[in-house]
Amino acid sequence: MSRTIVIAAICLLSTMHCVRHSLDHHAADANVLTERYAASRFREWHIRATATGRDCAALVIDAHILLDESMIEAMHYGAGSYDTLKGGLKQFMLDHDFRGIVYKDVSGRVWTYDDIKQREIDGEVVCR
């Protein structure tokens, strides 16, 4: 009986460590992305990246300017002068195991890409 409890406790603790590591990984990647934009020609846009969602694998890009569809598409796919990251934010998302990307502008407008639902980001909790 006590052996079963010990095995169950070890399994639970190792699972918690894996989840915590994953959360830390996504938050750290988002912080790196924020720093990259702060050092780029887009620094005046005050772009901030955060990890959020039920598993911290939703990448939120918050820009302190008004955005439109063409700007979002260009950032997402890395088109033209918006190619701050090789392959755009979509490639960053894939390289860092995010499920999807949410773009927000100063007006509060929201665009979602890939495996992100609007209801998931309502009342979001930022992962650290």
# chains A, B, ... in the order shown; residues from 1 in each chain; ligands from 1
call {"tool": "residues_around", "arguments": {"residues": "Ser70 in chain A", "least_positions_apart": "6", "cutoff": "12 Å", "atoms": "only C-alpha atoms", "output": "list of chain:residue names"}}
result
A:His76, A:Tyr77, A:Gly78, A:Ala79, A:Gly80, A:Tyr82, A:Trp111
call {"tool": "residues_around", "arguments": {"residues": "Asp105 in chain A", "least_positions_apart": "6", "cutoff": "6 Å", "atoms": "only C-alpha atoms", "output": "ChimeraX atom specification"}}
result
/A:62-67
call {"tool": "write_last_selection", "arguments": {"atoms": "N, CA and C atoms", "output": "compact mmCIF listing (two decimals), in the first residue's frame"}}
result
# COMPACT_ATOMS: atom_id res chain seq x y z
N ASP A 62 0.85 42.09 -28.38
CA ASP A 62 0.11 43.30 -28.04
C ASP A 62 0.89 44.51 -28.56
N ALA A 63 0.29 45.26 -29.49
CA ALA A 63 0.95 46.43 -30.08
C ALA A 63 0.22 47.69 -29.63
N HIS A 64 0.96 48.71 -29.30
CA HIS A 64 0.37 49.96 -28.81
C HIS A 64 0.17 50.96 -29.95
N ILE A 65 -0.28 50.43 -31.09
CA ILE A 65 -0.67 51.25 -32.23
C ILE A 65 -1.91 50.60 -32.84
N LEU A 66 -2.57 51.32 -33.74
CA LEU A 66 -3.68 50.73 -34.48
C LEU A 66 -3.12 49.84 -35.57
N LEU A 67 -3.63 48.64 -35.67
CA LEU A 67 -3.20 47.69 -36.68
C LEU A 67 -4.34 47.44 -37.65
call {"tool": "closest_residue", "arguments": {"among": "A:His26, A:Lys90, A:Lys104, A:Arg109", "to": "Gly53 in chain A", "atoms": "only C-alpha atoms"}}
result
A:His26
call {"tool": "select_by_dssp", "arguments": {"residues": "range 24-98 of chain A", "states": "strand (DSSP E or B)", "output": "JSON, numbers by chain"}}
result
{"A": [48, 49, 50, 51, 52, 58, 59, 60, 61, 62]}
call {"tool": "atom_distance", "arguments": {"atom1": "CA of Leu33 in chain A", "atom2": "CA of Met93 in chain A"}}
result
10.5 Å
call {"tool": "closest_residue", "arguments": {"among": "A:Glu124, A:Asp68, A:Asp97, A:Glu73", "to": "His25 in chain A", "atoms": "only C-alpha atoms"}}
result
A:Asp97
call {"tool": "atom_distance", "arguments": {"atom1": "CA of His46 in chain A", "atom2": "CA of Lys117 in chain A"}}
result
24.6 Å
call {"tool": "decode", "arguments": {"residues": "range 76-118 of chain A", "atoms": "N, CA and C atoms", "output": "PDB file, in the first residue's frame"}}
result
ATOM      1  N   HIS A  76       2.635  38.247 -39.396  1.00  0.00           N
ATOM      2  CA  HIS A  76       2.432  36.811 -39.184  1.00  0.00           C
ATOM      3  C   HIS A  76       3.287  35.966 -40.127  1.00  0.00           C
ATOM      4  N   TYR A  77       3.319  36.353 -41.393  1.00  0.00           N
ATOM      5  CA  TYR A  77       4.059  35.561 -42.388  1.00  0.00           C
ATOM      6  C   TYR A  77       5.446  36.116 -42.703  1.00  0.00           C
ATOM      7  N   GLY A  78       5.795  37.262 -42.127  1.00  0.00           N
ATOM      8  CA  GLY A  78       7.121  37.825 -42.336  1.00  0.00           C
ATOM      9  C   GLY A  78       7.312  38.415 -43.714  1.00  0.00           C
ATOM     10  N   ALA A  79       6.318  39.126 -44.197  1.00  0.00           N
ATOM     11  CA  ALA A  79       6.385  39.690 -45.549  1.00  0.00           C
ATOM     12  C   ALA A  79       7.044  41.064 -45.563  1.00  0.00           C
ATOM     13  N   GLY A  80       7.851  41.297 -46.584  1.00  0.00           N
ATOM     14  CA  GLY A  80       8.442  42.611 -46.826  1.00  0.00           C
ATOM     15  C   GLY A  80       9.192  43.182 -45.634  1.00  0.00           C
ATOM     16  N   SER A  81       8.931  44.438 -45.354  1.00  0.00           N
ATOM     17  CA  SER A  81       9.645  45.121 -44.268  1.00  0.00           C
ATOM     18  C   SER A  81       9.199  44.648 -42.887  1.00  0.00           C
ATOM     19  N   TYR A  82       8.185  43.795 -42.815  1.00  0.00           N
ATOM     20  CA  TYR A  82       7.710  43.260 -41.533  1.00  0.00           C
ATOM     21  C   TYR A  82       8.435  41.976 -41.144  1.00  0.00           C
ATOM     22  N   ASP A  83       9.430  41.594 -41.919  1.00  0.00           N
ATOM     23  CA  ASP A  83      10.156  40.349 -41.665  1.00  0.00           C
ATOM     24  C   ASP A  83      11.253  40.549 -40.613  1.00  0.00           C
ATOM     25  N   THR A  84      10.854  41.011 -39.450  1.00  0.00           N
ATOM     26  CA  THR A  84      11.793  41.170 -38.334  1.00  0.00           C
ATOM     27  C   THR A  84      12.336  39.812 -37.904  1.00  0.00           C
ATOM     28  N   LEU A  85      11.491  38.807 -37.969  1.00  0.00           N
ATOM     29  CA  LEU A  85      11.881  37.436 -37.646  1.00  0.00           C
ATOM     30  C   LEU A  85      11.841  36.631 -38.939  1.00  0.00           C
ATOM     31  N   LYS A  86      12.862  35.881 -39.207  1.00  0.00           N
ATOM     32  CA  LYS A  86      12.898  35.059 -40.415  1.00  0.00           C
ATOM     33  C   LYS A  86      11.678  34.138 -40.434  1.00  0.00           C
ATOM     34  N   GLY A  87      10.820  34.328 -41.431  1.00  0.00           N
ATOM     35  CA  GLY A  87       9.614  33.513 -41.526  1.00  0.00           C
ATOM     36  C   GLY A  87       8.429  34.070 -40.767  1.00  0.00           C
ATOM     37  N   GLY A  88       8.598  35.215 -40.139  1.00  0.00           N
ATOM     38  CA  GLY A  88       7.493  35.856 -39.432  1.00  0.00           C
ATOM     39  C   GLY A  88       7.175  35.222 -38.087  1.00  0.00           C
ATOM     40  N   LEU A  89       6.124  35.744 -37.489  1.00  0.00           N
ATOM     41  CA  LEU A  89       5.717  35.248 -36.177  1.00  0.00           C
ATOM     42  C   LEU A  89       5.167  33.828 -36.250  1.00  0.00           C
ATOM     43  N   LYS A  90       4.631  33.446 -37.396  1.00  0.00           N
ATOM     44  CA  LYS A  90       4.169  32.063 -37.544  1.00  0.00           C
ATOM     45  C   LYS A  90       5.336  31.094 -37.373  1.00  0.00           C
ATOM     46  N   GLN A  91       6.473  31.410 -37.971  1.00  0.00           N
ATOM     47  CA  GLN A  91       7.639  30.541 -37.825  1.00  0.00           C
ATOM     48  C   GLN A  91       8.137  30.530 -36.379  1.00  0.00           C
ATOM     49  N   PHE A  92       8.111  31.695 -35.727  1.00  0.00           N
ATOM     50  CA  PHE A  92       8.483  31.759 -34.306  1.00  0.00           C
ATOM     51  C   PHE A  92       7.562  30.855 -33.490  1.00  0.00           C
ATOM     52  N   MET A  93       6.270  30.916 -33.782  1.00  0.00           N
ATOM     53  CA  MET A  93       5.289  30.087 -33.088  1.00  0.00           C
ATOM     54  C   MET A  93       5.630  28.603 -33.243  1.00  0.00           C
ATOM     55  N   LEU A  94       5.928  28.190 -34.457  1.00  0.00           N
ATOM     56  CA  LEU A  94       6.260  26.787 -34.711  1.00  0.00           C
ATOM     57  C   LEU A  94       7.573  26.385 -34.046  1.00  0.00           C
ATOM     58  N   ASP A  95       8.574  27.248 -34.132  1.00  0.00           N
ATOM     59  CA  ASP A  95       9.888  26.942 -33.553  1.00  0.00           C
ATOM     60  C   ASP A  95       9.855  26.824 -32.033  1.00  0.00           C
ATOM     61  N   HIS A  96       8.905  27.509 -31.392  1.00  0.00           N
ATOM     62  CA  HIS A  96       8.862  27.553 -29.925  1.00  0.00           C
ATOM     63  C   HIS A  96       7.631  26.856 -29.343  1.00  0.00           C
ATOM     64  N   ASP A  97       6.997  26.022 -30.155  1.00  0.00           N
ATOM     65  CA  ASP A  97       5.898  25.154 -29.700  1.00  0.00           C
ATOM     66  C   ASP A  97       4.684  25.887 -29.143  1.00  0.00           C
ATOM     67  N   PHE A  98       4.362  27.047 -29.697  1.00  0.00           N
ATOM     68  CA  PHE A  98       3.108  27.704 -29.334  1.00  0.00           C
ATOM     69  C   PHE A  98       1.997  27.097 -30.192  1.00  0.00           C
ATOM     70  N   ARG A  99       0.765  27.068 -29.675  1.00  0.00           N
ATOM     71  CA  ARG A  99      -0.378  26.537 -30.416  1.00  0.00           C
ATOM     72  C   ARG A  99      -0.933  27.529 -31.421  1.00  0.00           C
ATOM     73  N   GLY A 100      -0.790  28.794 -31.132  1.00  0.00           N
ATOM     74  CA  GLY A 100      -1.345  29.818 -31.996  1.00  0.00           C
ATOM     75  C   GLY A 100      -0.956  31.194 -31.513  1.00  0.00           C
ATOM     76  N   ILE A 101      -1.420  32.199 -32.261  1.00  0.00           N
ATOM     77  CA  ILE A 101      -1.054  33.584 -31.948  1.00  0.00           C
ATOM     78  C   ILE A 101      -2.307  34.446 -31.892  1.00  0.00           C
ATOM     79  N   VAL A 102      -2.306  35.339 -30.926  1.00  0.00           N
ATOM     80  CA  VAL A 102      -3.355  36.346 -30.791  1.00  0.00           C
ATOM     81  C   VAL A 102      -2.683  37.699 -30.981  1.00  0.00           C
ATOM     82  N   TYR A 103      -3.222  38.504 -31.873  1.00  0.00           N
ATOM     83  CA  TYR A 103      -2.724  39.862 -32.077  1.00  0.00           C
ATOM     84  C   TYR A 103      -3.752  40.830 -31.503  1.00  0.00           C
ATOM     85  N   LYS A 104      -3.281  41.816 -30.748  1.00  0.00           N
ATOM     86  CA  LYS A 104      -4.157  42.846 -30.186  1.00  0.00           C
ATOM     87  C   LYS A 104      -3.565  44.207 -30.508  1.00  0.00           C
ATOM     88  N   ASP A 105      -4.431  45.161 -30.801  1.00  0.00           N
ATOM     89  CA  ASP A 105      -3.921  46.520 -31.001  1.00  0.00           C
ATOM     90  C   ASP A 105      -4.449  47.439 -29.911  1.00  0.00           C
ATOM     91  N   VAL A 106      -4.059  48.700 -29.978  1.00  0.00           N
ATOM     92  CA  VAL A 106      -4.380  49.665 -28.940  1.00  0.00           C
ATOM     93  C   VAL A 106      -5.891  49.892 -28.799  1.00  0.00           C
ATOM     94  N   SER A 107      -6.646  49.643 -29.853  1.00  0.00           N
ATOM     95  CA  SER A 107      -8.099  49.830 -29.796  1.00  0.00           C
ATOM     96  C   SER A 107      -8.804  48.673 -29.109  1.00  0.00           C
ATOM     97  N   GLY A 108      -8.085  47.577 -28.885  1.00  0.00           N
ATOM     98  CA  GLY A 108      -8.686  46.395 -28.290  1.00  0.00           C
ATOM     99  C   GLY A 108      -9.112  45.351 -29.308  1.00  0.00           C
ATOM    100  N   ARG A 109      -8.926  45.657 -30.581  1.00  0.00           N
ATOM    101  CA  ARG A 109      -9.276  44.696 -31.627  1.00  0.00           C
ATOM    102  C   ARG A 109      -8.363  43.478 -31.529  1.00  0.00           C
ATOM    103  N   VAL A 110      -8.922  42.306 -31.815  1.00  0.00           N
ATOM    104  CA  VAL A 110      -8.200  41.046 -31.651  1.00  0.00           C
ATOM    105  C   VAL A 110      -8.283  40.219 -32.929  1.00  0.00           C
ATOM    106  N   TRP A 111      -7.154  39.634 -33.301  1.00  0.00           N
ATOM    107  CA  TRP A 111      -7.075  38.680 -34.406  1.00  0.00           C
ATOM    108  C   TRP A 111      -6.485  37.396 -33.851  1.00  0.00           C
ATOM    109  N   THR A 112      -7.053  36.248 -34.189  1.00  0.00           N
ATOM    110  CA  THR A 112      -6.507  34.969 -33.717  1.00  0.00           C
ATOM    111  C   THR A 112      -6.067  34.120 -34.904  1.00  0.00           C
ATOM    112  N   TYR A 113      -4.982  33.394 -34.721  1.00  0.00           N
ATOM    113  CA  TYR A 113      -4.442  32.511 -35.758  1.00  0.00           C
ATOM    114  C   TYR A 113      -4.158  31.146 -35.156  1.00  0.00           C
ATOM    115  N   ASP A 114      -4.366  30.139 -35.958  1.00  0.00           N
ATOM    116  CA  ASP A 114      -4.074  28.755 -35.642  1.00  0.00           C
ATOM    117  C   ASP A 114      -5.015  28.246 -34.553  1.00  0.00           C
ATOM    118  N   ASP A 115      -4.529  27.530 -33.568  1.00  0.00           N
ATOM    119  CA  ASP A 115      -5.387  26.819 -32.610  1.00  0.00           C
ATOM    120  C   ASP A 115      -5.721  27.667 -31.379  1.00  0.00           C
ATOM    121  N   ILE A 116      -6.272  28.841 -31.603  1.00  0.00           N
ATOM    122  CA  ILE A 116      -6.656  29.731 -30.506  1.00  0.00           C
ATOM    123  C   ILE A 116      -8.109  30.142 -30.717  1.00  0.00           C
ATOM    124  N   LYS A 117      -8.884  30.075 -29.658  1.00  0.00           N
ATOM    125  CA  LYS A 117     -10.283  30.487 -29.715  1.00  0.00           C
ATOM    126  C   LYS A 117     -10.461  31.765 -28.902  1.00  0.00           C
ATOM    127  N   GLN A 118     -11.378  32.619 -29.341  1.00  0.00           N
ATOM    128  CA  GLN A 118     -11.629  33.894 -28.655  1.00  0.00           C
ATOM    129  C   GLN A 118     -11.981  33.668 -27.182  1.00  0.00           C
TER     130      GLN A 118
END
